[in-house]
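Engineer: Here it is, the structure in full.
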Amino acid sequence: ARSLSAHRHACRALSSSAASASALISPEALRSALAGRAAAPVVLDASYFLPAAGRNARGEYAATARIPGAVFWDLDAIATPSELPHMLPDARTLSWACSRAGIRSASDRVVVYDSVGTFSAPRAWWTLRCFGFEDVLVLDGGLPAWQAAGFDARPEPGSALYADGGDESGAGDAVTAAAAAADALLPGMQSSAAVGAAWTLEQVLEHARAHCRGGSEGELVATGPAAAPRPTSQDATVAEHILVDARSSARFRGEAAEPRAWLPSGHIPGSVNVPFDSLLQEEKEGTAGTRLLPPDRLRLAFAAAGVDVTAESPRVVTTCGSGITAAVLSLALREAGRPEAATSLFDGSWAEYGAAASRHR
């Protein structure tokens, strides 16, 4: 078990970072950092696509476009094995991936991006922040913004690198070096891991039962617009958090089928809806939104859903379909001024909760 002092240290680190500089970096600043004389940041391509998109992020990284020197960060491979997709990895799995990517210390600067703009990169950012990595930035606008700035994104043959080890062909020296680096990184990660950053199904079920119509035995799947998140339970701990769902309004209200056809439609009782794409702005006129809105507009968007980003209580818990776009909300909350220590993410999200709710019917 982690000590109380370690927990306080992790929370102070998250809180202080949220109150300081932005977690975003511009394409121009990243290009300067890569070309500078100082130690260059480790750049991770954390692109991911939903199955229905019919796109292969790993293949596109290898053959289509990537930032020079970027390492592919496979969200599905660098994860805890589970029936659920891309669950938060354990410290050992993460340390191995970091060592392969060239991350040698929790203080190394890391920049993550994705090929959509602002979609899956925040998930990699959140994962590293969960384990105490201090200097993790998200490329503002992702690969589209990098390319729009006129910077090179042509993949050089033979230069693809994979943090999950997909490029290793059994080279003993490389594997031995990665293992040694992972062992050296692991102790600092474990001692700095942020307690409470990831919420579990049990915590969310407790919240849902407290907000169910008809009491704790009521319906675990709500439909229609969000109701005012006032718990029916008198348990004071229930009122100390609010769930914010990043899915589309139609999915949240239960008016659209889920991409995973076996899951019910609707939302967690007591949650509110802030679709992640409502927090994005166009990279250029006529294109899909790829950059986060400015902080003042982010605060207004959350306030419209009843979320006060300036208050550390109640705790905000973000959720979505499978834990990807929930991290967009977590990043947006940080950019809007909310301390990271006051925000959690429901790792299993609707993929886990919807299945559990169906079993309880």
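Going through the structure tokens in order, the chains are called A, B, and so on, while each chain numbers its residues from 1 and the ligands are numbered from 1 in the order shown.
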Taking the backbone alone, and naming residues the way the document does, which bits of segment 13-243 of chain A are strand (DSSP E or B) by DSSP, as a PyMOL selection string?

Structural biologist: chain A and resi 24-25+42-45+71-72+80+87+109-113+135-139+162+198-199+222+241-243

Engineer: Selection from above, N, CA and C atoms, as a compact mmCIF listing (two decimals), in the first residue's frame, can you write it?

Structural biologist:
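In the end it all went to again23.txt:
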# COMPACT_ATOMS: atom_id res chain seq x y z
N LEU A 24 -0.51 22.15 -23.35
CA LEU A 24 -0.48 22.13 -24.81
C LEU A 24 0.83 22.74 -25.31
N ILE A 25 1.28 22.27 -26.46
CA ILE A 25 2.44 22.85 -27.12
C ILE A 25 2.08 23.08 -28.58
N VAL A 42 10.75 13.54 -26.15
CA VAL A 42 10.32 12.28 -26.75
C VAL A 42 8.93 12.53 -27.34
N VAL A 43 8.74 12.22 -28.61
CA VAL A 43 7.47 12.46 -29.29
C VAL A 43 6.77 11.12 -29.52
N LEU A 44 5.51 11.06 -29.09
CA LEU A 44 4.71 9.83 -29.22
C LEU A 44 3.52 10.07 -30.13
N ASP A 45 3.34 9.20 -31.10
CA ASP A 45 2.14 9.19 -31.94
C ASP A 45 1.14 8.25 -31.30
N VAL A 71 7.59 8.04 -31.96
CA VAL A 71 7.44 6.62 -31.64
C VAL A 71 5.94 6.33 -31.55
N PHE A 72 5.51 5.21 -32.15
CA PHE A 72 4.08 4.89 -32.10
C PHE A 72 3.70 4.32 -30.74
N THR A 80 -3.70 -2.92 -19.79
CA THR A 80 -3.94 -4.13 -19.00
C THR A 80 -4.79 -5.09 -19.81
N MET A 87 -7.50 -0.56 -21.37
CA MET A 87 -7.55 -0.23 -19.94
C MET A 87 -6.16 0.23 -19.46
N ARG A 109 10.79 15.39 -20.82
CA ARG A 109 9.69 16.02 -21.55
C ARG A 109 9.16 15.06 -22.62
N VAL A 110 7.85 14.89 -22.63
CA VAL A 110 7.19 14.01 -23.60
C VAL A 110 6.09 14.81 -24.29
N VAL A 111 6.01 14.69 -25.61
CA VAL A 111 4.94 15.34 -26.38
C VAL A 111 4.16 14.26 -27.09
N VAL A 112 2.84 14.26 -26.91
CA VAL A 112 1.98 13.26 -27.56
C VAL A 112 1.09 13.96 -28.58
N TYR A 113 0.77 13.25 -29.64
CA TYR A 113 -0.13 13.79 -30.66
C TYR A 113 -0.92 12.66 -31.28
N ASP A 135 6.27 16.15 -17.06
CA ASP A 135 6.38 17.12 -18.16
C ASP A 135 5.81 16.51 -19.44
N VAL A 136 4.51 16.28 -19.46
CA VAL A 136 3.85 15.68 -20.61
C VAL A 136 2.97 16.74 -21.27
N LEU A 137 3.16 16.93 -22.56
CA LEU A 137 2.41 17.94 -23.31
C LEU A 137 1.67 17.28 -24.46
N VAL A 138 0.57 17.91 -24.88
CA VAL A 138 -0.21 17.45 -26.03
C VAL A 138 0.00 18.47 -27.15
N LEU A 139 0.33 17.97 -28.34
CA LEU A 139 0.50 18.86 -29.48
C LEU A 139 -0.85 19.47 -29.85
N TYR A 162 8.16 1.46 -32.26
CA TYR A 162 6.91 1.14 -31.57
C TYR A 162 7.18 0.94 -30.08
N ALA A 198 -7.94 7.32 -11.63
CA ALA A 198 -8.81 6.42 -12.38
C ALA A 198 -9.92 5.91 -11.46
N TRP A 199 -11.16 6.05 -11.92
CA TRP A 199 -12.30 5.55 -11.16
C TRP A 199 -12.66 4.15 -11.62
N ALA A 222 -30.15 5.58 -17.63
CA ALA A 222 -31.07 6.70 -17.80
C ALA A 222 -31.09 7.12 -19.26
N HIS A 241 -18.95 14.43 -5.93
CA HIS A 241 -18.45 14.27 -7.28
C HIS A 241 -19.57 14.41 -8.31
N ILE A 242 -19.19 14.71 -9.55
CA ILE A 242 -20.13 14.84 -10.65
C ILE A 242 -19.53 14.13 -11.86
N LEU A 243 -20.32 13.31 -12.54
CA LEU A 243 -19.86 12.59 -13.72
C LEU A 243 -20.18 13.40 -14.97

Engineer: So that I can see what lies close to Arg123 of chain A, please list as a ChimeraX atom specification the residues with an atom at most 12 Å from it, counting only C-alpha atoms and leaving out residues fewer than 2 positions away in the same chain.

Structural biologist: /A:44-48,73-76,78-79,86-89,112-114,118-121,125-130,136-138,198,318-320,322-331,345-347

Engineer: Go through A:Glu258, A:Ser278, A:Pro68, A:Val116 and flag the residue nearest Ala35 of chain A, using only C-alpha atoms for the distances.

Structural biologist: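 Checking each candidate against Ala35 of chain A, we get A:Pro68 as the closest.
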
Engineer: Tell me, in Å to one decimal, how far atom CA of Gly150 of chain A is from atom CA of Asp296 of chain A.

Structural biologist: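 Computed distance, atom CA of Gly150 of chain A to atom CA of Asp296 of chain A, equals 28.7 Å.
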